[in-house]
$ cat start_31.pdb   # PDB, C-alpha atoms and all ligand atoms
ATOM      1  CA  MET A   1     110.439  67.291 102.463  1.00  0.00           C
ATOM      2  CA  SER A   2     110.307  70.377 100.334  1.00  0.00           C
ATOM      3  CA  GLU A   3     107.884  73.201 100.927  1.00  0.00           C
ATOM      4  CA  ASN A   4     104.266  72.217 101.082  1.00  0.00           C
ATOM      5  CA  ILE A   5     103.065  74.381  98.265  1.00  0.00           C
ATOM      6  CA  CYS A   6      99.442  73.353  98.639  1.00  0.00           C
ATOM      7  CA  GLU A   7      99.329  74.270 102.330  1.00  0.00           C
ATOM      8  CA  ASN A   8     101.225  77.490 101.754  1.00  0.00           C
ATOM      9  CA  LEU A   9      98.764  78.545  99.077  1.00  0.00           C
ATOM     10  CA  LYS A  10      95.826  77.783 101.357  1.00  0.00           C
ATOM     11  CA  ARG A  11      97.329  79.793 104.194  1.00  0.00           C
ATOM     12  CA  ILE A  12      98.168  82.754 101.989  1.00  0.00           C
ATOM     13  CA  ASN A  13      94.743  82.812 100.380  1.00  0.00           C
ATOM     14  CA  ASP A  14      93.227  82.852 103.891  1.00  0.00           C
ATOM     15  CA  GLU A  15      95.507  85.699 104.908  1.00  0.00           C
ATOM     16  CA  ILE A  16      94.608  87.609 101.758  1.00  0.00           C
ATOM     17  CA  SER A  17      90.913  87.271 102.658  1.00  0.00           C
ATOM     18  CA  LEU A  18      91.620  88.474 106.163  1.00  0.00           C
ATOM     19  CA  ALA A  19      93.664  91.442 104.950  1.00  0.00           C
ATOM     20  CA  LEU A  20      90.814  92.340 102.599  1.00  0.00           C
ATOM     21  CA  THR A  21      88.465  92.731 105.543  1.00  0.00           C
ATOM     22  CA  LYS A  22      90.843  95.430 106.803  1.00  0.00           C
ATOM     23  CA  SER A  23      90.992  97.295 103.501  1.00  0.00           C
ATOM     24  CA  LYS A  24      88.643 100.165 102.793  1.00  0.00           C
ATOM     25  CA  TYR A  25      89.131  99.974  99.024  1.00  0.00           C
ATOM     26  CA  ASN A  26      86.668  97.209  98.330  1.00  0.00           C
ATOM     27  CA  GLN A  27      88.927  95.566  95.777  1.00  0.00           C
ATOM     28  CA  ASN A  28      89.434  92.029  94.555  1.00  0.00           C
ATOM     29  CA  VAL A  29      92.892  90.573  94.996  1.00  0.00           C
ATOM     30  CA  LYS A  30      94.601  88.114  92.680  1.00  0.00           C
ATOM     31  CA  LEU A  31      97.556  86.077  93.841  1.00  0.00           C
ATOM     32  CA  CYS A  32     100.481  85.962  91.420  1.00  0.00           C
ATOM     33  CA  ALA A  33     102.728  83.038  92.376  1.00  0.00           C
ATOM     34  CA  VAL A  34     106.325  84.030  91.689  1.00  0.00           C
ATOM     35  CA  SER A  35     108.087  80.836  90.634  1.00  0.00           C
ATOM     36  CA  LYS A  36     111.483  82.270  89.678  1.00  0.00           C
ATOM     37  CA  PHE A  37     114.398  79.949  90.569  1.00  0.00           C
ATOM     38  CA  HIS A  38     111.940  77.149  91.360  1.00  0.00           C
ATOM     39  CA  PRO A  39     111.524  74.095  89.112  1.00  0.00           C
ATOM     40  CA  TYR A  40     108.594  73.409  86.808  1.00  0.00           C
ATOM     41  CA  THR A  41     107.464  70.646  89.163  1.00  0.00           C
ATOM     42  CA  ASP A  42     106.708  73.311  91.780  1.00  0.00           C
ATOM     43  CA  VAL A  43     104.596  75.155  89.224  1.00  0.00           C
ATOM     44  CA  LEU A  44     102.706  71.950  88.475  1.00  0.00           C
ATOM     45  CA  ASN A  45     102.115  71.428  92.199  1.00  0.00           C
ATOM     46  CA  ALA A  46     100.705  74.931  92.467  1.00  0.00           C
ATOM     47  CA  ILE A  47      98.436  74.292  89.476  1.00  0.00           C
ATOM     48  CA  GLU A  48      97.180  71.154  91.237  1.00  0.00           C
ATOM     49  CA  SER A  49      96.153  73.488  94.061  1.00  0.00           C
ATOM     50  CA  ASN A  50      94.215  75.697  91.655  1.00  0.00           C
ATOM     51  CA  GLN A  51      96.829  78.419  91.319  1.00  0.00           C
ATOM     52  CA  PHE A  52      96.832  79.628  87.703  1.00  0.00           C
ATOM     53  CA  LEU A  53      98.594  83.007  87.686  1.00  0.00           C
ATOM     54  CA  PHE A  54     102.403  82.978  87.733  1.00  0.00           C
ATOM     55  CA  GLY A  55     105.165  85.556  87.723  1.00  0.00           C
ATOM     56  CA  GLU A  56     108.717  85.152  86.461  1.00  0.00           C
ATOM     57  CA  ASN A  57     111.665  87.545  86.373  1.00  0.00           C
ATOM     58  CA  ARG A  58     113.835  86.229  83.611  1.00  0.00           C
ATOM     59  CA  VAL A  59     112.584  85.586  80.122  1.00  0.00           C
ATOM     60  CA  GLN A  60     114.914  82.697  79.314  1.00  0.00           C
ATOM     61  CA  GLU A  61     114.138  80.842  82.534  1.00  0.00           C
ATOM     62  CA  ALA A  62     110.415  81.505  82.132  1.00  0.00           C
ATOM     63  CA  SER A  63     110.456  80.287  78.547  1.00  0.00           C
ATOM     64  CA  GLU A  64     112.157  76.978  79.323  1.00  0.00           C
ATOM     65  CA  LYS A  65     110.086  76.306  82.452  1.00  0.00           C
ATOM     66  CA  PHE A  66     106.701  77.229  81.051  1.00  0.00           C
ATOM     67  CA  ASN A  67     107.237  75.328  77.806  1.00  0.00           C
ATOM     68  CA  VAL A  68     107.466  72.205  79.940  1.00  0.00           C
ATOM     69  CA  VAL A  69     104.562  73.296  82.143  1.00  0.00           C
ATOM     70  CA  ARG A  70     102.349  73.963  79.130  1.00  0.00           C
ATOM     71  CA  ASP A  71     103.259  70.603  77.594  1.00  0.00           C
ATOM     72  CA  SER A  72     102.398  68.870  80.863  1.00  0.00           C
ATOM     73  CA  ILE A  73      98.937  70.409  81.151  1.00  0.00           C
ATOM     74  CA  GLN A  74      98.079  70.153  77.482  1.00  0.00           C
ATOM     75  CA  GLY A  75      94.642  68.711  76.839  1.00  0.00           C
ATOM     76  CA  LYS A  76      93.599  69.173  80.470  1.00  0.00           C
ATOM     77  CA  ASN A  77      91.576  72.308  79.825  1.00  0.00           C
ATOM     78  CA  ILE A  78      93.668  74.368  82.229  1.00  0.00           C
ATOM     79  CA  ASN A  79      94.391  78.005  81.473  1.00  0.00           C
ATOM     80  CA  ILE A  80      97.414  79.541  83.098  1.00  0.00           C
ATOM     81  CA  GLU A  81      98.571  83.130  82.878  1.00  0.00           C
ATOM     82  CA  LEU A  82     102.212  84.204  82.928  1.00  0.00           C
ATOM     83  CA  HIS A  83     103.414  87.661  83.907  1.00  0.00           C
ATOM     84  CA  ILE A  84     106.937  88.959  83.430  1.00  0.00           C
ATOM     85  CA  ILE A  85     107.771  90.987  86.533  1.00  0.00           C
ATOM     86  CA  GLY A  86     111.541  91.536  86.299  1.00  0.00           C
ATOM     87  CA  GLN A  87     113.574  94.198  84.592  1.00  0.00           C
ATOM     88  CA  LEU A  88     113.442  93.560  80.874  1.00  0.00           C
ATOM     89  CA  GLN A  89     116.234  94.237  78.404  1.00  0.00           C
ATOM     90  CA  SER A  90     115.116  95.329  74.962  1.00  0.00           C
ATOM     91  CA  ASN A  91     116.759  92.344  73.284  1.00  0.00           C
ATOM     92  CA  LYS A  92     114.564  90.020  75.385  1.00  0.00           C
ATOM     93  CA  VAL A  93     111.294  91.663  74.421  1.00  0.00           C
ATOM     94  CA  LYS A  94     110.661  89.464  71.394  1.00  0.00           C
ATOM     95  CA  LYS A  95     110.795  86.273  73.431  1.00  0.00           C
ATOM     96  CA  ALA A  96     108.874  87.863  76.310  1.00  0.00           C
ATOM     97  CA  CYS A  97     106.069  88.771  73.932  1.00  0.00           C
ATOM     98  CA  GLU A  98     105.985  85.231  72.587  1.00  0.00           C
ATOM     99  CA  ILE A  99     105.646  83.550  75.967  1.00  0.00           C
ATOM    100  CA  CYS A 100     103.797  85.822  78.372  1.00  0.00           C
ATOM    101  CA  ASP A 101     100.368  87.359  78.824  1.00  0.00           C
ATOM    102  CA  CYS A 102     101.397  90.511  80.634  1.00  0.00           C
ATOM    103  CA  ILE A 103     104.570  92.522  81.202  1.00  0.00           C
ATOM    104  CA  GLU A 104     104.338  94.170  84.614  1.00  0.00           C
ATOM    105  CA  SER A 105     107.802  95.707  84.613  1.00  0.00           C
ATOM    106  CA  VAL A 106     107.523  98.342  81.896  1.00  0.00           C
ATOM    107  CA  ASP A 107     109.848 101.067  83.140  1.00  0.00           C
ATOM    108  CA  ARG A 108     110.723 103.176  80.064  1.00  0.00           C
ATOM    109  CA  THR A 109     109.132 104.484  76.902  1.00  0.00           C
ATOM    110  CA  SER A 110     111.653 102.741  74.643  1.00  0.00           C
ATOM    111  CA  LEU A 111     110.473  99.416  76.053  1.00  0.00           C
ATOM    112  CA  VAL A 112     106.897 100.253  75.076  1.00  0.00           C
ATOM    113  CA  GLU A 113     108.081 101.021  71.542  1.00  0.00           C
ATOM    114  CA  GLU A 114     109.826  97.642  71.344  1.00  0.00           C
ATOM    115  CA  ILE A 115     106.816  95.739  72.739  1.00  0.00           C
ATOM    116  CA  GLU A 116     104.597  97.418  70.145  1.00  0.00           C
ATOM    117  CA  LYS A 117     107.033  96.475  67.386  1.00  0.00           C
ATOM    118  CA  GLN A 118     107.268  92.818  68.421  1.00  0.00           C
ATOM    119  CA  CYS A 119     103.544  92.411  69.074  1.00  0.00           C
ATOM    120  CA  THR A 120     102.756  93.903  65.689  1.00  0.00           C
ATOM    121  CA  LYS A 121     104.851  91.124  64.120  1.00  0.00           C
ATOM    122  CA  LEU A 122     103.192  88.513  66.319  1.00  0.00           C
ATOM    123  CA  ASN A 123      99.749  89.976  65.672  1.00  0.00           C
ATOM    124  CA  LYS A 124      99.142  89.873  69.416  1.00  0.00           C
ATOM    125  CA  THR A 125      97.936  92.365  71.997  1.00  0.00           C
ATOM    126  CA  MET A 126     100.036  92.568  75.147  1.00  0.00           C
ATOM    127  CA  LYS A 127      98.839  93.688  78.542  1.00  0.00           C
ATOM    128  CA  VAL A 128     101.330  95.874  80.358  1.00  0.00           C
ATOM    129  CA  PHE A 129     101.632  97.541  83.741  1.00  0.00           C
ATOM    130  CA  LEU A 130     103.787 100.605  84.247  1.00  0.00           C
ATOM    131  CA  GLU A 131     106.328 100.026  86.993  1.00  0.00           C
ATOM    132  CA  ILE A 132     106.684 103.092  89.167  1.00  0.00           C
ATOM    133  CA  HIS A 133     109.554 103.948  91.467  1.00  0.00           C
ATOM    134  CA  THR A 134     107.932 104.708  94.825  1.00  0.00           C
ATOM    135  CA  GLY A 135     110.527 103.828  97.464  1.00  0.00           C
ATOM    136  CA  GLU A 136     113.898 105.394  98.174  1.00  0.00           C
ATOM    137  CA  ASP A 137     116.174 102.376  97.957  1.00  0.00           C
ATOM    138  CA  SER A 138     114.425 100.445  95.227  1.00  0.00           C
ATOM    139  CA  LYS A 139     116.046 100.908  91.849  1.00  0.00           C
ATOM    140  CA  SER A 140     113.466  99.943  89.301  1.00  0.00           C
ATOM    141  CA  GLY A 141     110.565 101.775  87.768  1.00  0.00           C
ATOM    142  CA  PHE A 142     109.789 105.136  86.206  1.00  0.00           C
ATOM    143  CA  THR A 143     111.162 107.973  88.310  1.00  0.00           C
ATOM    144  CA  ASP A 144     109.981 110.776  86.055  1.00  0.00           C
ATOM    145  CA  LEU A 145     106.232 111.246  86.245  1.00  0.00           C
ATOM    146  CA  GLU A 146     106.311 113.531  83.207  1.00  0.00           C
ATOM    147  CA  GLU A 147     107.450 110.532  81.177  1.00  0.00           C
ATOM    148  CA  VAL A 148     104.539 108.521  82.582  1.00  0.00           C
ATOM    149  CA  TYR A 149     102.042 111.256  81.653  1.00  0.00           C
ATOM    150  CA  ALA A 150     103.461 111.593  78.143  1.00  0.00           C
ATOM    151  CA  LEU A 151     103.288 107.834  77.700  1.00  0.00           C
ATOM    152  CA  CYS A 152      99.686 107.704  78.921  1.00  0.00           C
ATOM    153  CA  SER A 153      98.811 110.483  76.461  1.00  0.00           C
ATOM    154  CA  SER A 154     100.288 108.359  73.691  1.00  0.00           C
ATOM    155  CA  PHE A 155      98.268 105.350  74.839  1.00  0.00           C
ATOM    156  CA  ALA A 156      95.137 107.501  74.930  1.00  0.00           C
ATOM    157  CA  GLU A 157      95.861 108.597  71.341  1.00  0.00           C
ATOM    158  CA  ASN A 158      96.154 104.930  70.386  1.00  0.00           C
ATOM    159  CA  LYS A 159      99.777 105.216  69.392  1.00  0.00           C
ATOM    160  CA  TYR A 160     100.349 101.637  70.573  1.00  0.00           C
ATOM    161  CA  PRO A 161      97.463  99.578  69.203  1.00  0.00           C
ATOM    162  CA  HIS A 162      99.063  96.244  70.213  1.00  0.00           C
ATOM    163  CA  ILE A 163      99.385  97.192  73.869  1.00  0.00           C
ATOM    164  CA  THR A 164      96.776  97.561  76.592  1.00  0.00           C
ATOM    165  CA  VAL A 165      97.914  99.419  79.659  1.00  0.00           C
ATOM    166  CA  CYS A 166      95.998  97.780  82.504  1.00  0.00           C
ATOM    167  CA  GLY A 167      97.735  98.771  85.697  1.00  0.00           C
ATOM    168  CA  LEU A 168     100.624 100.000  87.770  1.00  0.00           C
ATOM    169  CA  MET A 169     103.254  97.996  89.595  1.00  0.00           C
ATOM    170  CA  THR A 170     105.732  98.863  92.320  1.00  0.00           C
ATOM    171  CA  MET A 171     108.181  97.381  94.784  1.00  0.00           C
ATOM    172  CA  ALA A 172     108.275  98.832  98.270  1.00  0.00           C
ATOM    173  CA  PRO A 173     111.657  99.637  99.825  1.00  0.00           C
ATOM    174  CA  PHE A 174     113.352  96.769 101.679  1.00  0.00           C
ATOM    175  CA  THR A 175     112.947  98.029 105.213  1.00  0.00           C
ATOM    176  CA  ASP A 176     111.280  97.125 108.505  1.00  0.00           C
ATOM    177  CA  ASP A 177     109.756 100.580 108.667  1.00  0.00           C
ATOM    178  CA  GLU A 178     106.093  99.899 108.005  1.00  0.00           C
ATOM    179  CA  LYS A 179     105.393 103.583 107.465  1.00  0.00           C
ATOM    180  CA  LEU A 180     107.787 103.753 104.521  1.00  0.00           C
ATOM    181  CA  ILE A 181     106.321 100.605 103.010  1.00  0.00           C
ATOM    182  CA  ARG A 182     102.778 101.902 103.399  1.00  0.00           C
ATOM    183  CA  LYS A 183     103.787 105.237 101.893  1.00  0.00           C
ATOM    184  CA  SER A 184     105.195 103.509  98.839  1.00  0.00           C
ATOM    185  CA  PHE A 185     101.919 101.620  98.271  1.00  0.00           C
ATOM    186  CA  SER A 186      99.694 104.625  98.880  1.00  0.00           C
ATOM    187  CA  THR A 187     101.797 106.630  96.426  1.00  0.00           C
ATOM    188  CA  LEU A 188     101.042 104.042  93.756  1.00  0.00           C
ATOM    189  CA  ARG A 189      97.329 104.033  94.586  1.00  0.00           C
ATOM    190  CA  GLU A 190      97.145 107.817  94.411  1.00  0.00           C
ATOM    191  CA  LEU A 191      98.972 107.887  91.096  1.00  0.00           C
ATOM    192  CA  LYS A 192      96.494 105.374  89.710  1.00  0.00           C
ATOM    193  CA  SER A 193      93.520 107.519  90.624  1.00  0.00           C
ATOM    194  CA  GLU A 194      95.239 110.561  89.183  1.00  0.00           C
ATOM    195  CA  LEU A 195      95.834 108.705  85.907  1.00  0.00           C
ATOM    196  CA  ASN A 196      92.242 107.422  85.917  1.00  0.00           C
ATOM    197  CA  THR A 197      91.055 111.039  86.116  1.00  0.00           C
ATOM    198  CA  LYS A 198      93.508 112.382  83.540  1.00  0.00           C
ATOM    199  CA  TYR A 199      93.124 109.543  81.046  1.00  0.00           C
ATOM    200  CA  PRO A 200      89.626 108.123  81.552  1.00  0.00           C
ATOM    201  CA  SER A 201      89.792 106.115  78.324  1.00  0.00           C
ATOM    202  CA  LEU A 202      92.717 104.003  79.585  1.00  0.00           C
ATOM    203  CA  PRO A 203      91.795 100.777  81.420  1.00  0.00           C
ATOM    204  CA  ILE A 204      94.284 101.267  84.260  1.00  0.00           C
ATOM    205  CA  THR A 205      92.589  99.118  86.894  1.00  0.00           C
ATOM    206  CA  GLU A 206      95.263  96.945  88.509  1.00  0.00           C
ATOM    207  CA  LEU A 207      97.607  97.800  91.370  1.00  0.00           C
ATOM    208  CA  SER A 208     100.306  95.139  91.513  1.00  0.00           C
ATOM    209  CA  MET A 209     102.032  95.623  94.846  1.00  0.00           C
ATOM    210  CA  GLY A 210     103.051  93.500  97.812  1.00  0.00           C
ATOM    211  CA  MET A 211     105.449  90.548  98.130  1.00  0.00           C
ATOM    212  CA  SER A 212     105.932  87.812 100.772  1.00  0.00           C
ATOM    213  CA  GLY A 213     107.018  90.277 103.449  1.00  0.00           C
ATOM    214  CA  ASP A 214     104.575  93.093 102.873  1.00  0.00           C
ATOM    215  CA  TYR A 215     101.500  91.878 101.007  1.00  0.00           C
ATOM    216  CA  LYS A 216      99.100  92.401 103.896  1.00  0.00           C
ATOM    217  CA  ILE A 217     100.045  96.077 104.047  1.00  0.00           C
ATOM    218  CA  ALA A 218      99.723  96.284 100.257  1.00  0.00           C
ATOM    219  CA  ILE A 219      96.195  94.872 100.386  1.00  0.00           C
ATOM    220  CA  GLU A 220      95.204  97.345 103.089  1.00  0.00           C
ATOM    221  CA  GLU A 221      96.490 100.045 100.730  1.00  0.00           C
ATOM    222  CA  GLY A 222      94.443  98.820  97.786  1.00  0.00           C
ATOM    223  CA  ALA A 223      96.510  96.166  95.970  1.00  0.00           C
ATOM    224  CA  THR A 224      94.610  94.125  93.374  1.00  0.00           C
ATOM    225  CA  ILE A 225      97.518  91.779  92.620  1.00  0.00           C
ATOM    226  CA  VAL A 226     100.101  90.563  95.122  1.00  0.00           C
ATOM    227  CA  ARG A 227     103.262  88.883  93.825  1.00  0.00           C
ATOM    228  CA  ILE A 228     104.386  86.191  96.232  1.00  0.00           C
ATOM    229  CA  GLY A 229     107.310  83.819  95.840  1.00  0.00           C
ATOM    230  CA  THR A 230     109.097  82.790  99.027  1.00  0.00           C
ATOM    231  CA  ALA A 231     105.964  82.319 101.133  1.00  0.00           C
ATOM    232  CA  ILE A 232     104.641  79.823  98.575  1.00  0.00           C
ATOM    233  CA  PHE A 233     107.700  78.030  97.194  1.00  0.00           C
ATOM    234  CA  GLY A 234     110.255  78.553  99.980  1.00  0.00           C
ATOM    235  CA  GLU A 235     113.625  80.273  99.917  1.00  0.00           C
ATOM    236  CA  ARG A 236     115.322  80.642  96.544  1.00  0.00           C
ATOM    237  CA  LYS A 237     118.751  79.024  96.171  1.00  0.00           C
TER     238      LYS A 237
HETATM  239  C1  LIG A 301     110.982  87.985  93.382  1.00  0.00           C
HETATM  240  C2  LIG A 301     109.931  89.018  93.217  1.00  0.00           C
HETATM  241  C3  LIG A 301     108.724  88.954  93.946  1.00  0.00           C
HETATM  242  C4  LIG A 301     108.442  87.899  95.005  1.00  0.00           C
HETATM  243  O1  LIG A 301     109.256  88.110  96.119  1.00  0.00           O
HETATM  244  P1  LIG A 301     109.098  87.236  97.462  1.00  0.00           P
HETATM  245  O2  LIG A 301     109.688  88.102  98.503  1.00  0.00           O
HETATM  246  O3  LIG A 301     109.832  85.968  97.242  1.00  0.00           O
HETATM  247  O4  LIG A 301     107.640  87.008  97.673  1.00  0.00           O
HETATM  248  C5  LIG A 301     107.771  89.920  93.684  1.00  0.00           C
HETATM  249  N1  LIG A 301     107.967  90.892  92.776  1.00  0.00           N
HETATM  250  C6  LIG A 301     109.113  90.993  92.061  1.00  0.00           C
HETATM  251  C7  LIG A 301     109.258  92.083  91.071  1.00  0.00           C
HETATM  252  C8  LIG A 301     110.123  90.063  92.276  1.00  0.00           C
HETATM  253  O5  LIG A 301     111.262  90.183  91.583  1.00  0.00           O
END

$ encode --input "start_31.pdb" --output "structure tokens" --more "lines below"
Ligand SMILES: *Cc1c(COP(=O)(O)O)cnc(C)c1O
Amino acid sequence: MSENICENLKRINDEISLALTKSKYNQNVKLCAVSKFHPYTDVLNAIESNQFLFGENRVQEASEKFNVVRDSIQGKNINIELHIIGQLQSNKVKKACEICDCIESVDRTSLVEEIEKQCTKLNKTMKVFLEIHTGEDSKSGFTDLEEVYALCSSFAENKYPHITVCGLMTMAPFTDDEKLIRKSFSTLRELKSELNTKYPSLPITELSMGMSGDYKIAIEEGATIVRIGTAIFGERK
């Protein structure tokens, strides 16, 4: 018997509610089910359990899987949302823009330029999160805050009319040290409020942080989206 996705989702949603009672940030939390490496049938099972937000790392895999998923739910009046959460090469941006609703892993200005270019052609507006490097041993995300400020200024001047910057994303360091994990999440939360003050016209509302091992801490630190794979779908092969 494979993982019981329905039960796992129920348990995690309960734990999210419980963690929320311990948070002083009064936020709502959305669960992003990370289905990377898992088959489309697992996604369909999750949809059966009323899970509609999904995250994928790789554009090619996401494209193939979600084409089948979308075909399977066609005509059923079900709306799913797909977020790209993995490092994105510029030559994959076109396809990413075609298939997803949000790119959470925007980690450089050149990527923003490419997303704008592709979305202009598609006549589509893309939601993006800026991925911020907050933990010592994680590799991804902006490390230079000056670049983040300059980019936000450009957004505020409407330099990228086909992009809406709606949040920040981070990955905590892989460690058992809860203090370091918490620090990583609080750093992201503090940066968000700083950006909200500096650029009040930008709709930066989401904090995407927390995975299977650390989402309860993330929620206590103000997460509005947690990205959970293993705890829902089981170990990846
Ligand atoms: C794989 C992945 C997740 C989910 O990780 P789990 O530990 O399986 O919950 C979350 N965020 C990103 C960016 C990922 O690559």

$ residues_near_ligand --input "start_31.pdb" --ligand "ligand LIG 301 (chain A)" --cutoff "8 Å" --atoms "only C-alpha atoms and all ligand atoms" --output "list in words"
Ala33, Val34, Lys36, Gly55, Glu56, Asn57, Ile85, Gly86, Ser105, Thr170, Met171, Met209, Gly210, Met211, Ser212, Gly213, Val226, Arg227, Ile228, Gly229, Thr230, Ala231, Ile232, Gly234, Glu235 and Arg236 of chain A

$ closest_atom_pairs --input "start_31.pdb" --of "range 18-113 of chain A" --to "range 120-138 of chain A" --cutoff "7 Å" --atoms "all atoms listed in the file" --output "CSV"
residue,atom,partner,partner_atom,distance
A:Asp101,CA,A:Met126,CA,6.4
A:Cys102,CA,A:Lys127,CA,4.6
A:Ile103,CA,A:Val128,CA,4.7
A:Glu104,CA,A:Phe129,CA,4.4
A:Ser105,CA,A:Glu131,CA,5.1
A:Val106,CA,A:Leu130,CA,5.0
A:Asp107,CA,A:Glu131,CA,5.3

$ resolve_selection --input "start_31.pdb" --expression "the PyMOL selection byres (((chain A and resi 43) around 12) and not hetatm)" --output "PyMOL selection string"
chain A and resi 5-6+9+32-42+44-56+62+65-70+72-73+80-82+229+232-233

$ closest_residue --input "start_31.pdb" --among "A:Lys139, A:Lys76, A:Lys183, A:Lys216" --to "Ser17 in chain A" --atoms "all atoms listed in the file"
A:Lys216

$ closest_residue --input "start_31.pdb" --among "A:Leu145, A:Thr164, A:Glu220, A:Asn196" --to "Arg182 in chain A" --atoms "only C-alpha atoms"
A:Glu220

$ axis_aligned_box --input "start_31.pdb" --around "range 94-112 of chain A" --padding-each-side "6 Å" --output "JSON"
{"center_x": 106.0, "center_y": 94.0, "center_z": 78.0, "size_x": 23.3, "size_y": 32.9, "size_z": 25.2}

$ resolve_selection --input "start_31.pdb" --expression "the PyMOL selection byres (((chain A and resi 217) around 9) and not hetatm)" --output "number ranges by chain"
A: 19, 178, 181-182, 185, 210, 214-216, 218-223

$ atom_distance --input "start_31.pdb" --atom1 "CA of Glu113 in chain A" --atom2 "CA of Ser201 in chain A"
20.2 Å

$ closest_residue --input "start_31.pdb" --among "A:Leu111, A:Ile204, A:Leu31, A:Ala156" --to "His83 in chain A" --atoms "only C-alpha atoms"
A:Leu31

$ atom_distance --input "start_31.pdb" --atom1 "CA of Met169 in chain A" --atom2 "CA of Thr187 in chain A"
11.1 Å

$ closest_residue --input "start_31.pdb" --among "A:Ser193, A:Gln87, A:Asn13, A:Ser140" --to "Pro173 in chain A" --atoms "all atoms listed in the file"
A:Ser140

$ atom_distance --input "start_31.pdb" --atom1 "CA of Leu202 in chain A" --atom2 "CA of Cys166 in chain A"
7.6 Å

$ closest_residue --input "start_31.pdb" --among "A:Val29, A:Ile78, A:Ile99, A:Ala150" --to "Lys198 in chain A" --atoms "only C-alpha atoms"
A:Ala150
